[in-house]
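K.L.:
My structure is in target-v4.cif, and what it holds is mmCIF, C-alpha atoms (C1' of nucleotides):
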data_query
loop_
_atom_site.label_atom_id
_atom_site.label_comp_id
_atom_site.auth_asym_id
_atom_site.auth_seq_id
_atom_site.Cartn_x
_atom_site.Cartn_y
_atom_site.Cartn_z
CA MET A 363 172.83 115.11 74.48
CA ALA A 364 176.40 115.57 73.48
CA GLY A 365 177.42 113.74 70.32
CA GLN A 366 174.02 112.90 68.97
CA THR A 367 171.04 115.06 68.31
CA ARG A 368 167.59 114.34 69.65
CA GLU A 369 166.58 113.09 66.21
CA GLN A 370 169.38 110.54 66.08
CA LEU A 371 168.48 109.37 69.56
CA LEU A 372 164.84 108.89 68.56
CA ASP A 373 165.96 107.13 65.37
CA VAL A 374 167.71 104.46 67.40
CA ALA A 375 164.88 104.15 69.90
CA GLU A 376 162.32 103.89 67.09
CA ARG A 377 164.30 101.17 65.34
CA LEU A 378 164.78 99.07 68.46
CA PHE A 379 161.18 99.46 69.61
CA ALA A 380 160.09 98.45 66.10
CA GLU A 381 162.37 95.42 65.98
CA ARG A 382 161.81 94.08 69.49
CA GLY A 383 158.65 95.70 70.79
CA PHE A 384 158.18 97.82 73.90
CA TYR A 385 158.94 95.02 76.36
CA GLY A 386 161.67 93.44 74.25
CA ALA A 387 163.68 96.61 73.79
CA SER A 388 165.49 97.63 76.97
CA ILE A 389 166.58 101.19 77.61
CA ALA A 390 170.04 99.78 78.28
CA ALA A 391 170.16 98.34 74.75
CA ILE A 392 169.05 101.65 73.23
CA ALA A 393 171.62 103.54 75.28
CA ASP A 394 174.34 101.07 74.30
CA GLU A 395 173.84 101.80 70.60
CA LEU A 396 174.15 105.51 71.34
CA GLY A 397 177.30 105.03 73.40
CA LEU A 398 175.51 106.10 76.55
CA THR A 399 174.40 104.50 79.78
CA LYS A 400 170.75 103.81 80.39
CA GLN A 401 170.78 106.39 83.18
CA ALA A 402 171.56 109.07 80.61
CA LEU A 403 168.37 108.15 78.75
CA LEU A 404 166.39 108.13 81.97
CA HIS A 405 167.84 111.52 82.76
CA HIS A 406 166.50 112.95 79.52
CA TYR A 407 163.13 111.22 79.33
CA GLY A 408 162.28 110.30 82.90
CA SER A 409 161.07 106.81 82.13
CA LYS A 410 161.00 104.19 79.41
CA GLU A 411 157.31 104.89 78.86
CA LYS A 412 157.97 108.58 78.20
CA LEU A 413 160.78 107.79 75.77
CA TYR A 414 158.42 105.46 73.93
CA GLY A 415 155.80 108.20 73.97
CA ALA A 416 158.26 110.62 72.37
CA VAL A 417 158.93 108.09 69.60
CA LEU A 418 155.20 107.62 69.01
CA GLN A 419 154.56 111.33 68.90
CA ARG A 420 157.31 111.90 66.36
CA ILE A 421 155.81 109.18 64.18
CA SER A 422 152.33 110.67 64.37
CA GLU A 423 153.71 114.10 63.44
CA TYR A 424 155.59 112.64 60.49
CA VAL A 425 152.60 110.64 59.24
CA GLU A 426 150.31 113.64 59.38
CA GLU A 427 152.77 115.99 57.69
CA HIS A 428 153.52 113.45 54.99
CA LEU A 429 149.82 113.06 54.30
CA VAL A 430 149.00 116.75 53.91
CA SER A 431 152.12 117.44 51.86
CA THR A 432 151.36 114.85 49.18
CA VAL A 433 147.60 115.33 49.14
CA THR A 434 147.49 119.00 48.21
CA SER A 435 149.48 118.46 45.04
CA SER A 436 146.87 117.23 42.57
CA SER A 437 143.37 118.38 41.84
CA ASP A 438 141.71 115.00 41.18
CA THR A 439 140.75 113.56 44.53
CA PHE A 440 141.18 109.96 43.52
CA GLN A 441 144.61 110.69 42.09
CA GLN A 442 145.54 112.43 45.35
CA LEU A 443 144.56 109.37 47.36
CA GLU A 444 146.24 106.99 44.97
CA ALA A 445 149.43 109.03 44.98
CA TYR A 446 149.47 109.17 48.75
CA LEU A 447 148.85 105.46 49.34
CA LEU A 448 151.40 104.41 46.72
CA THR A 449 154.15 106.67 48.05
CA MET A 450 153.27 105.58 51.58
CA ALA A 451 153.63 101.95 50.53
CA THR A 452 156.94 102.57 48.81
CA SER A 453 158.49 104.54 51.65
CA SER A 454 157.19 102.06 54.23
CA LEU A 455 158.82 99.20 52.35
CA GLU A 456 162.07 101.14 52.26
CA SER A 457 162.08 102.01 55.96
CA PRO A 458 159.61 99.70 57.68
CA ALA A 459 160.35 100.79 61.26
CA ARG A 460 157.35 103.09 61.49
CA SER A 461 154.90 100.50 60.14
CA GLN A 462 156.33 97.82 62.39
CA LEU A 463 156.05 99.99 65.47
CA LEU A 464 152.50 101.07 64.67
CA MET A 465 151.53 97.44 64.10
CA ARG A 466 152.99 96.52 67.49
CA GLU A 467 151.09 99.42 68.99
CA LEU A 468 147.84 98.01 67.61
CA LEU A 469 148.65 94.72 69.32
CA ASP A 470 149.86 96.17 72.62
CA ASN A 471 147.90 99.28 73.42
CA LYS A 472 145.07 97.29 74.98
CA ARG A 473 147.49 96.19 77.67
CA ARG A 474 149.74 99.16 78.24
CA ALA A 475 148.12 102.07 79.97
CA ASP A 476 148.96 104.72 77.42
CA THR A 477 146.86 107.76 77.06
CA VAL A 478 149.06 109.04 74.27
CA GLY A 479 149.05 106.12 71.89
CA THR A 480 145.41 105.37 71.41
CA TRP A 481 144.14 108.53 69.84
CA TYR A 482 147.00 109.87 67.81
CA LEU A 483 145.81 108.22 64.60
CA ARG A 484 142.33 109.66 64.74
CA SER A 485 142.85 112.91 62.82
CA TYR A 486 144.98 111.04 60.30
CA LEU A 487 142.19 108.58 59.62
CA ASP A 488 139.57 111.32 59.60
CA THR A 489 141.53 113.23 56.97
CA LEU A 490 141.67 110.16 54.77
CA VAL A 491 137.96 109.48 55.20
CA GLU A 492 137.17 113.05 54.16
CA LEU A 493 139.36 112.57 51.12
CA VAL A 494 137.47 109.45 50.05
CA ARG A 495 134.17 111.27 50.49
CA LYS A 496 135.22 113.76 47.82
CA ILE A 497 135.61 110.98 45.26
CA PRO A 498 132.67 110.84 42.82
CA GLY A 499 130.16 108.23 43.93
CA TRP A 500 131.25 108.29 47.59
CA THR A 501 129.79 111.63 48.65
CA ASP A 502 126.64 110.14 50.14
CA ALA A 503 128.09 106.78 51.22
CA PRO A 504 127.64 105.75 54.87
CA GLN A 505 130.55 106.71 57.07
CA GLU A 506 131.26 103.10 58.02
CA ASP A 507 131.41 101.96 54.41
CA ILE A 508 134.01 104.59 53.62
CA PHE A 509 136.01 103.83 56.72
CA ILE A 510 136.03 100.08 56.21
CA THR A 511 137.04 100.31 52.57
CA LEU A 512 139.83 102.70 53.47
CA TYR A 513 140.98 100.58 56.37
CA GLN A 514 141.12 97.48 54.21
CA LEU A 515 143.39 99.33 51.80
CA LEU A 516 145.65 100.46 54.64
CA GLY A 517 145.68 96.89 55.91
CA ALA A 518 146.72 95.54 52.53
CA ILE A 519 149.75 97.85 52.59
CA ASN A 520 150.83 97.53 56.20
CA TYR A 521 150.40 93.77 56.36
CA PHE A 522 152.64 93.35 53.35
CA VAL A 523 155.23 95.70 54.85
CA VAL A 524 155.54 93.88 58.17
CA SER A 525 155.49 90.50 56.41
CA GLN A 526 158.66 91.29 54.50
CA PRO A 527 161.15 89.33 56.67
CA THR A 528 158.87 86.31 56.90
CA LEU A 529 158.16 86.26 53.17
CA GLN A 530 161.90 86.49 52.65
CA GLY A 531 162.32 83.43 54.84
CA ILE A 532 159.63 81.48 53.02
CA TYR A 533 160.19 82.38 49.38
CA GLY A 534 163.72 83.80 49.31
CA GLN A 535 165.02 87.22 48.42
CA LYS A 536 164.52 86.84 44.68
CA SER A 537 160.82 86.00 44.85
CA VAL A 538 160.13 88.73 47.39
CA HIS A 539 161.75 91.19 45.03
CA GLN A 540 159.27 90.06 42.37
CA PHE A 541 156.45 90.52 44.87
CA ARG A 542 157.53 94.05 45.62
CA LEU A 543 157.69 94.89 41.93
CA ALA A 544 154.18 93.55 41.41
CA PHE A 545 152.79 95.26 44.50
CA ALA A 546 152.12 98.76 43.16
CA ALA A 547 150.35 97.58 40.00
CA GLN A 548 148.08 95.14 41.81
CA PHE A 549 147.35 97.60 44.57
CA SER A 550 146.36 100.22 42.00
CA ARG A 551 144.05 97.65 40.44
CA ILE A 552 142.31 96.99 43.73
CA LEU A 553 142.25 100.68 44.55
CA ARG A 554 140.62 101.66 41.26
CA SER A 555 138.11 98.86 41.23
CA SER A 556 137.04 99.47 44.80
CA LEU A 557 136.96 103.29 44.87
CA GLN A 558 136.18 104.43 41.36
CA VAL A 559 132.71 104.30 39.90
CA MET U 688 148.34 67.36 83.43
CA ALA U 689 145.81 66.78 86.15
CA GLY U 690 142.83 69.11 86.08
CA GLN U 691 143.21 70.50 82.61
CA THR U 692 143.67 68.86 79.29
CA ARG U 693 146.48 69.67 76.92
CA GLU U 694 144.05 71.66 74.80
CA GLN U 695 143.01 73.88 77.70
CA LEU U 696 146.64 74.43 78.57
CA LEU U 697 147.44 75.51 75.01
CA ASP U 698 144.35 77.72 74.99
CA VAL U 699 145.70 79.73 77.89
CA ALA U 700 149.21 79.85 76.47
CA GLU U 701 147.90 80.94 73.08
CA ARG U 702 145.81 83.70 74.60
CA LEU U 703 148.63 85.09 76.73
CA PHE U 704 151.20 84.89 73.93
CA ALA U 705 148.70 86.67 71.68
CA GLU U 706 147.95 89.40 74.22
CA ARG U 707 151.48 90.08 75.44
CA GLY U 708 153.86 88.62 72.89
CA PHE U 709 156.54 86.01 73.38
CA TYR U 710 158.74 88.16 75.61
CA GLY U 711 155.86 89.81 77.43
CA ALA U 712 154.14 86.57 78.44
CA SER U 713 156.04 84.76 81.18
CA ILE U 714 155.67 81.06 81.77
CA ALA U 715 154.90 81.91 85.38
CA ALA U 716 151.90 83.99 84.27
CA ILE U 717 150.63 81.18 82.04
CA ALA U 718 151.06 78.66 84.84
CA ASP U 719 149.28 80.96 87.29
CA GLU U 720 146.15 81.02 85.15
CA LEU U 721 146.20 77.23 85.07
CA GLY U 722 146.68 76.96 88.82
CA LEU U 723 150.15 75.52 88.39
CA THR U 724 153.70 76.57 89.02
CA LYS U 725 155.96 77.52 86.15
CA GLN U 726 158.06 74.46 86.88
CA ALA U 727 155.11 72.26 86.00
CA LEU U 728 155.00 73.86 82.56
CA LEU U 729 158.73 73.46 82.14
CA HIS U 730 158.34 69.83 83.18
CA HIS U 731 155.89 69.22 80.34
CA TYR U 732 157.44 71.31 77.58
CA GLY U 733 161.11 71.59 78.49
CA SER U 734 161.41 75.28 77.74
CA LYS U 735 159.36 78.37 76.99
CA GLU U 736 160.44 78.22 73.37
CA LYS U 737 159.08 74.69 72.99
CA LEU U 738 155.78 75.62 74.61
CA TYR U 739 155.49 78.50 72.18
CA GLY U 740 156.33 76.13 69.36
CA ALA U 741 153.51 73.82 70.42
CA VAL U 742 151.09 76.74 70.32
CA LEU U 743 152.30 77.74 66.86
CA GLN U 744 152.00 74.21 65.54
CA ARG U 745 148.46 73.85 66.82
CA ILE U 746 147.53 77.10 65.08
CA SER U 747 149.06 76.00 61.79
CA GLU U 748 147.19 72.70 61.98
CA TYR U 749 143.91 74.47 62.69
CA VAL U 750 144.38 77.01 59.91
CA GLU U 751 145.15 74.34 57.35
CA GLU U 752 142.26 72.09 58.38
CA HIS U 753 139.85 74.99 58.43
CA LEU U 754 140.91 75.95 54.91
CA VAL U 755 140.46 72.53 53.33
CA SER U 756 137.18 71.87 55.13
CA THR U 757 135.46 75.03 53.83
CA VAL U 758 137.02 74.99 50.38
CA THR U 759 135.78 71.60 49.25
CA SER U 760 132.16 72.51 49.83
CA SER U 761 131.26 74.49 46.71
CA SER U 762 132.00 73.91 43.06
CA ASP U 763 132.54 77.49 41.95
CA THR U 764 136.14 78.39 42.73
CA PHE U 765 135.47 82.05 43.36
CA GLN U 766 132.64 81.19 45.70
CA GLN U 767 134.93 78.78 47.54
CA LEU U 768 137.50 81.50 48.07
CA GLU U 769 134.91 84.07 49.02
CA ALA U 770 133.28 81.70 51.48
CA TYR U 771 136.61 80.84 53.06
CA LEU U 772 137.84 84.41 53.43
CA LEU U 773 134.53 85.63 54.83
CA THR U 774 134.23 82.85 57.41
CA MET U 775 137.89 83.34 58.29
CA ALA U 776 137.24 87.04 58.85
CA THR U 777 134.19 86.36 60.98
CA SER U 778 135.79 83.70 63.17
CA SER U 779 138.96 85.79 63.53
CA LEU U 780 136.92 88.74 64.74
CA GLU U 781 135.18 86.47 67.25
CA SER U 782 138.36 84.92 68.61
CA PRO U 783 141.26 87.14 67.55
CA ALA U 784 143.98 85.32 69.48
CA ARG U 785 145.23 83.38 66.47
CA SER U 786 145.42 86.43 64.23
CA GLN U 787 147.12 88.44 66.93
CA LEU U 788 149.72 85.78 67.55
CA LEU U 789 150.44 85.30 63.85
CA MET U 790 150.80 89.05 63.44
CA ARG U 791 153.28 89.12 66.31
CA GLU U 792 155.10 86.25 64.69
CA LEU U 793 155.47 88.27 61.49
CA LEU U 794 157.03 91.04 63.53
CA ASP U 795 159.27 88.88 65.69
CA ASN U 796 160.45 85.91 63.68
CA LYS U 797 163.33 87.89 62.19
CA ARG U 798 164.80 88.14 65.65
CA ARG U 799 163.97 84.87 67.32
CA ALA U 800 165.87 81.87 66.03
CA ASP U 801 162.88 79.68 65.29
CA THR U 802 163.00 77.15 62.55
CA VAL U 803 159.43 76.13 63.18
CA GLY U 804 157.64 79.43 62.78
CA THR U 805 158.94 80.72 59.49
CA TRP U 806 157.81 78.04 57.09
CA TYR U 807 154.57 76.72 58.50
CA LEU U 808 152.46 79.18 56.48
CA ARG U 809 153.93 78.15 53.16
CA SER U 810 151.60 75.30 52.25
CA TYR U 811 148.64 77.35 53.44
CA LEU U 812 149.56 80.21 51.15
CA ASP U 813 150.34 77.85 48.29
CA THR U 814 146.91 76.26 48.59
CA LEU U 815 145.25 79.66 48.39
CA VAL U 816 147.34 80.68 45.38
CA GLU U 817 146.34 77.50 43.56
CA LEU U 818 142.74 78.28 44.37
CA VAL U 819 142.97 81.74 42.83
CA ARG U 820 144.60 80.28 39.73
CA LYS U 821 141.46 78.25 39.10
CA ILE U 822 139.34 81.39 38.93
CA PRO U 823 138.45 82.34 35.34
CA GLY U 824 140.86 84.95 34.03
CA TRP U 825 143.64 84.09 36.50
CA THR U 826 144.84 80.82 35.01
CA ASP U 827 147.71 82.36 33.11
CA ALA U 828 148.43 85.25 35.46
CA PRO U 829 152.01 85.63 36.76
CA GLN U 830 152.59 83.92 40.08
CA GLU U 831 153.56 87.16 41.80
CA ASP U 832 150.41 88.95 40.65
CA ILE U 833 148.26 86.22 42.15
CA PHE U 834 150.24 86.15 45.34
CA ILE U 835 150.23 89.89 45.88
CA THR U 836 146.51 90.22 45.23
CA LEU U 837 145.81 87.39 47.64
CA TYR U 838 148.15 88.77 50.25
CA GLN U 839 146.53 92.18 50.07
CA LEU U 840 143.17 90.56 50.75
CA LEU U 841 144.58 88.65 53.72
CA GLY U 842 146.13 91.88 54.95
CA ALA U 843 142.81 93.70 54.74
CA ILE U 844 141.28 91.09 57.03
CA ASN U 845 144.05 90.58 59.55
CA TYR U 846 144.84 94.26 59.93
CA PHE U 847 141.22 94.98 60.78
CA VAL U 848 141.15 92.10 63.25
CA VAL U 849 144.19 93.18 65.24
CA SER U 850 143.05 96.82 65.12
CA GLN U 851 139.87 96.04 67.00
CA PRO U 852 140.94 97.22 70.49
CA THR U 853 142.52 100.39 69.12
CA LEU U 854 139.50 101.26 66.98
CA GLN U 855 137.37 100.68 70.05
CA GLY U 856 139.52 103.19 71.90
CA ILE U 857 139.31 105.76 69.12
CA TYR U 858 135.71 105.52 67.96
CA GLY U 859 133.92 103.72 70.79
CA GLN U 860 132.15 100.41 70.94
CA LYS U 861 129.08 101.53 69.02
CA SER U 862 130.95 102.77 65.96
CA VAL U 863 133.19 99.72 65.87
CA HIS U 864 130.08 97.57 65.88
CA GLN U 865 128.93 99.47 62.79
CA PHE U 866 132.34 98.90 61.23
CA ARG U 867 132.10 95.17 61.81
CA LEU U 868 128.65 95.04 60.28
CA ALA U 869 129.87 96.88 57.20
CA PHE U 870 133.03 94.80 56.90
CA ALA U 871 131.69 91.74 55.09
CA ALA U 872 129.81 93.71 52.45
CA GLN U 873 132.71 96.01 51.62
CA PHE U 874 135.20 93.17 51.64
CA SER U 875 133.02 91.23 49.21
CA ARG U 876 132.94 94.28 46.97
CA ILE U 877 136.72 94.51 46.91
CA LEU U 878 137.03 90.77 46.50
CA ARG U 879 134.69 90.64 43.52
CA SER U 880 136.09 93.67 41.79
CA SER U 881 139.67 92.51 42.19
CA LEU U 882 139.33 88.80 41.42
CA GLN U 883 136.37 88.43 39.08
CA VAL U 884 136.59 89.25 35.42
"C1'" DT V 871 185.94 134.01 90.31
"C1'" DC V 872 181.78 131.95 91.61
"C1'" DC V 873 177.48 129.67 90.89
"C1'" DT V 874 174.18 127.31 88.32
"C1'" DT V 875 172.79 124.09 85.15
"C1'" DA V 876 172.87 120.34 81.81
"C1'" DA V 877 174.85 116.13 80.65
"C1'" DC V 878 176.45 112.50 81.95
"C1'" DC V 879 178.56 108.78 85.26
"C1'" DT V 880 179.06 104.71 89.01
"C1'" DA V 881 176.76 102.19 92.36
"C1'" DC V 882 172.98 100.16 93.84
"C1'" DC V 883 168.05 98.37 94.42
"C1'" DA V 884 163.93 95.11 94.39
"C1'" DA V 885 161.47 92.50 91.11
"C1'" DT V 886 161.20 89.35 87.54
"C1'" DC V 887 163.00 86.49 84.01
"C1'" DG V 888 163.94 81.42 82.22
"C1'" DG V 889 165.85 77.44 83.93
"C1'" DT V 890 168.04 73.64 87.24
"C1'" DA V 891 168.10 70.46 91.18
"C1'" DA V 892 166.05 67.70 94.24
"C1'" DG V 893 162.40 66.20 96.34
"C1'" DT V 894 157.08 64.68 97.17
"C1'" DT V 895 152.78 62.67 95.90
"C1'" DG V 896 149.56 59.63 93.75
"C1'" DT V 897 148.53 55.91 90.46
"C1'" DC V 898 148.92 51.57 88.58
"C1'" DA V 899 151.05 47.38 86.85
"C1'" DA V 900 153.80 43.32 88.32
"C1'" DT K 255 153.58 44.84 98.60
"C1'" DT K 256 156.66 46.96 95.88
"C1'" DG K 257 158.67 49.58 92.40
"C1'" DA K 258 158.41 52.62 88.60
"C1'" DC K 259 156.83 56.54 86.59
"C1'" DA K 260 154.29 60.76 85.65
"C1'" DA K 261 152.75 64.93 87.70
"C1'" DC K 262 153.70 68.01 90.25
"C1'" DT K 263 156.16 70.81 94.31
"C1'" DT K 264 159.73 73.98 96.97
"C1'" DA K 265 164.06 75.97 96.83
"C1'" DC K 266 167.22 77.88 94.46
"C1'" DC K 267 170.35 80.19 90.62
"C1'" DG K 268 172.50 83.90 87.67
"C1'" DA K 269 171.11 87.33 84.52
"C1'" DT K 270 168.43 91.21 83.31
"C1'" DT K 271 164.79 94.48 83.94
"C1'" DG K 272 163.26 99.60 85.02
"C1'" DG K 273 164.31 102.87 88.26
"C1'" DT K 274 166.72 105.69 92.34
"C1'" DA K 275 170.51 108.09 94.74
"C1'" DG K 276 174.31 110.58 94.62
"C1'" DG K 277 177.99 111.94 92.60
"C1'" DT K 278 181.47 114.16 88.60
"C1'" DT K 279 182.51 117.09 84.81
"C1'" DA K 280 182.39 120.92 81.75
"C1'" DA K 281 180.33 125.14 79.96
"C1'" DG K 282 178.65 129.70 80.47
"C1'" DG K 283 176.62 133.89 82.59
"C1'" DA K 284 176.99 137.35 86.51
#
What is this structure when it is put down as structure tokens?
P.N.:
Amino acid sequence: MAGQTREQLLDVAERLFAERGFYGASIAAIADELGLTKQALLHHYGSKEKLYGAVLQRISEYVEEHLVSTVTSSSDTFQQLEAYLLTMATSSLESPARSQLLMRELLDNKRRADTVGTWYLRSYLDTLVELVRKIPGWTDAPQEDIFITLYQLLGAINYFVVSQPTLQGIYGQKSVHQFRLAFAAQFSRILRSSLQV
Amino acid sequence: MAGQTREQLLDVAERLFAERGFYGASIAAIADELGLTKQALLHHYGSKEKLYGAVLQRISEYVEEHLVSTVTSSSDTFQQLEAYLLTMATSSLESPARSQLLMRELLDNKRRADTVGTWYLRSYLDTLVELVRKIPGWTDAPQEDIFITLYQLLGAINYFVVSQPTLQGIYGQKSVHQFRLAFAAQFSRILRSSLQV
DNA sequence: TCCTTAACCTACCAATCGGTAAGTTGTCAA
DNA sequence: TTGACAACTTACCGATTGGTAGGTTAAGGA
């Protein structure tokens, strides 16, 4: 890896996998953007699948670190969760590559034989579930009720993030800008009304 | 189209496009499942893009019809919306192909030059927005507030639907069954608390 | 100076992709 | 009986895919 660092390489791979999907993004296209040949990429990562795995692992590490770093800041559990979900939504809207790739992974991982991709979200989700359980009124709630409520909130965010280009095409840039401005307030409303007693 | 009807043909195409994506599903693979050669498909539809377009159009027609047929049943607007979203969630969980394909379309339609796919959801979304506006307390709400709230609810459903295989991989079939059972109740909770005064 | 190693390269491979060209087959109306 | 047409078929095509084999080049330690 001469000119670029490993991080820059994974940046490009992550972006192309996010934009085109695993099958749509060729290693030749990724290498082209880096000014390399595809054989250079294969030299470093062995196969396309392993390169993709490296991208996934970096994402899972980032997601987990980002969660623990924002959650330990406040004392009120609900405020911790609200702060995390809102900053997650904002940063995902700014750089949607991660959300896009994870959404594609949800759609594809039934087909592709990946042992790495299926389980990497588990501890992340478990941490969030534990967080919800600390909120007054949720301590004795059934595990599945907590999980479903949480997952619906995550869905509300991620669906909006990956819909951005399509909404732009339907309603135009100006309207979508209005949508984004309204997002945080309405999401907080739903969050409060569904999680607070 | 000898043995199979046009509907059966589109069923197979829809399922494969949903499972593998536009680039991942080859016309040869679709034809194989129908007992045909890929040239037979090209004979009928001209190109892969047009076949995909036919699948998309059928979905948009179904979605629209399904909306108007369930919405005109009750008099209470909120109950209409609740009934529609809950039956949509249930039927999507039973046959997730449509949701999967639409989710892929959200991710891909920035790249593929399709004029057909970008706008077909507009009237569907507009109908739902109008429905929300009839709910007491929402009549004078800003358009973007209504839209965002609605879109977050749609996201909660569709994200859970396309996550089904992955959740199965993480938590096992038994837990996911519990999740599905809990889904309707928790979704109703969020729906009521976010849309009713 | 020599040797190893990492970081690349060119050249090639079989498989698969979407699509074209040119038939073949069966049905049905005139 | 014939002719037209739809529904397919086999036989290709060039382009692209992921991956292999076998170099070349430069840096750095012994």
K.L.:
Skipping near chain neighbours, those fewer than 5 positions away, what residues fall within 9 Å of range 879-896 of chain V using only C-alpha atoms (C1' of nucleotides), listed as an MDAnalysis selection string?
P.N.:
(chainID A and resid 399 401:402) or (chainID U and resid 713:714 726 729 734:735) or (chainID K and resid 261:267 269:271 273:275 277:278)
K.L.:
Can you give me, as a ChimeraX atom specification, the residues this file yields under the PyMOL selection byres ((chain A and resi 530-536) around 12)?
P.N.:
/A:522-529,537-543 /U:793,796-797,800-813,831,834
K.L.:
Separation of CA of Ile552 in chain A and CA of Ser881 in chain U, in Å?
P.N.:
5.4 Å
K.L.:
Could you check which of U:Leu780, U:Ile717, U:Ala770, U:Ala712 is closest to chain A, using all atoms listed in the file?
P.N.:
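Comparing U:Leu780, U:Ile717, U:Ala770, U:Ala712 against chain A, the winner is U:Ala712.
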K.L.:
Between CA of Tyr838 in chain U and CA of Ala518 in chain A, what is the distance, to one decimal in Å?
P.N.:
7.3 Å
K.L.:
What does the distance from CA of Tyr407 in chain A to CA of Glu456 in chain A come to in Å, to one decimal?
P.N.:
28.9 Å
K.L.:
For chain A, which of K:DA260, K:DT255, K:DG272, K:DA281 is the closest residue, counting all atoms listed in the file?
P.N.:
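When distances to chain A are compared using all atoms listed in the file, the smallest one comes from K:DG272.
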K.L.:
Exactly which residues make up the result of the PyMOL selection byres ((chain A and resi 463) around 9) on this file, given as an mmCIF file with C-alpha atoms, keeping the file's coordinate frame?
P.N.:
data_model
loop_
_atom_site.group_PDB
_atom_site.id
_atom_site.type_symbol
_atom_site.label_atom_id
_atom_site.label_comp_id
_atom_site.auth_asym_id
_atom_site.auth_seq_id
_atom_site.Cartn_x
_atom_site.Cartn_y
_atom_site.Cartn_z
ATOM 1 C CA GLU A 376 162.320 103.890 67.090
ATOM 2 C CA ARG A 377 164.300 101.170 65.340
ATOM 3 C CA PHE A 379 161.180 99.460 69.610
ATOM 4 C CA ALA A 380 160.090 98.450 66.100
ATOM 5 C CA GLU A 381 162.370 95.420 65.980
ATOM 6 C CA GLY A 383 158.650 95.700 70.790
ATOM 7 C CA PHE A 384 158.180 97.820 73.900
ATOM 8 C CA LEU A 418 155.200 107.620 69.010
ATOM 9 C CA PRO A 458 159.610 99.700 57.680
ATOM 10 C CA ALA A 459 160.350 100.790 61.260
ATOM 11 C CA ARG A 460 157.350 103.090 61.490
ATOM 12 C CA SER A 461 154.900 100.500 60.140
ATOM 13 C CA GLN A 462 156.330 97.820 62.390
ATOM 14 C CA LEU A 464 152.500 101.070 64.670
ATOM 15 C CA MET A 465 151.530 97.440 64.100
ATOM 16 C CA ARG A 466 152.990 96.520 67.490
ATOM 17 C CA GLU A 467 151.090 99.420 68.990
ATOM 18 C CA LEU A 468 147.840 98.010 67.610
#
K.L.:
Please write as a ChimeraX atom specification the full residue list that the PyMOL selection byres ((chain V and resi 898) around 10) yields on this file.
P.N.:
/V:896-897,899-900 /K:258-259
K.L.:
Can you write out the residues you just picked, keeping C-alpha atoms (C1' of nucleotides), as an mmCIF file, in the coordinates of the input?
P.N.:
data_model
loop_
_atom_site.group_PDB
_atom_site.id
_atom_site.type_symbol
_atom_site.label_atom_id
_atom_site.label_comp_id
_atom_site.auth_asym_id
_atom_site.auth_seq_id
_atom_site.Cartn_x
_atom_site.Cartn_y
_atom_site.Cartn_z
ATOM 1 C "C1'" DG V 896 149.560 59.630 93.750
ATOM 2 C "C1'" DT V 897 148.530 55.910 90.460
ATOM 3 C "C1'" DA V 899 151.050 47.380 86.850
ATOM 4 C "C1'" DA V 900 153.800 43.320 88.320
ATOM 5 C "C1'" DA K 258 158.410 52.620 88.600
ATOM 6 C "C1'" DC K 259 156.830 56.540 86.590
#
K.L.:
Mind rebuilding range 760-769 of chain U with N, CA and C atoms and writing that out as a PDB file, keeping the file's coordinate frame?
P.N.:
ATOM      1  N   SER U 760     133.619  72.578  49.731  1.00  0.00           N
ATOM      2  CA  SER U 760     132.160  72.510  49.830  1.00  0.00           C
ATOM      3  C   SER U 760     131.470  72.919  48.529  1.00  0.00           C
ATOM      4  N   SER U 761     131.940  73.978  47.893  1.00  0.00           N
ATOM      5  CA  SER U 761     131.260  74.490  46.710  1.00  0.00           C
ATOM      6  C   SER U 761     132.007  74.122  45.433  1.00  0.00           C
ATOM      7  N   SER U 762     131.359  74.266  44.329  1.00  0.00           N
ATOM      8  CA  SER U 762     132.000  73.910  43.060  1.00  0.00           C
ATOM      9  C   SER U 762     132.644  75.131  42.410  1.00  0.00           C
ATOM     10  N   ASP U 763     132.003  76.272  42.533  1.00  0.00           N
ATOM     11  CA  ASP U 763     132.540  77.490  41.950  1.00  0.00           C
ATOM     12  C   ASP U 763     133.775  77.939  42.745  1.00  0.00           C
ATOM     13  N   THR U 764     134.892  78.072  42.041  1.00  0.00           N
ATOM     14  CA  THR U 764     136.140  78.390  42.730  1.00  0.00           C
ATOM     15  C   THR U 764     136.085  79.739  43.429  1.00  0.00           C
ATOM     16  N   PHE U 765     135.552  80.737  42.734  1.00  0.00           N
ATOM     17  CA  PHE U 765     135.470  82.050  43.360  1.00  0.00           C
ATOM     18  C   PHE U 765     134.616  82.023  44.614  1.00  0.00           C
ATOM     19  N   GLN U 766     133.509  81.292  44.525  1.00  0.00           N
ATOM     20  CA  GLN U 766     132.640  81.190  45.700  1.00  0.00           C
ATOM     21  C   GLN U 766     133.333  80.470  46.847  1.00  0.00           C
ATOM     22  N   GLN U 767     134.139  79.468  46.501  1.00  0.00           N
ATOM     23  CA  GLN U 767     134.930  78.780  47.540  1.00  0.00           C
ATOM     24  C   GLN U 767     135.836  79.756  48.262  1.00  0.00           C
ATOM     25  N   LEU U 768     136.571  80.540  47.473  1.00  0.00           N
ATOM     26  CA  LEU U 768     137.500  81.500  48.070  1.00  0.00           C
ATOM     27  C   LEU U 768     136.764  82.550  48.879  1.00  0.00           C
ATOM     28  N   GLU U 769     135.684  83.058  48.314  1.00  0.00           N
ATOM     29  CA  GLU U 769     134.910  84.070  49.020  1.00  0.00           C
ATOM     30  C   GLU U 769     134.361  83.522  50.329  1.00  0.00           C
TER      31      GLU U 769
END
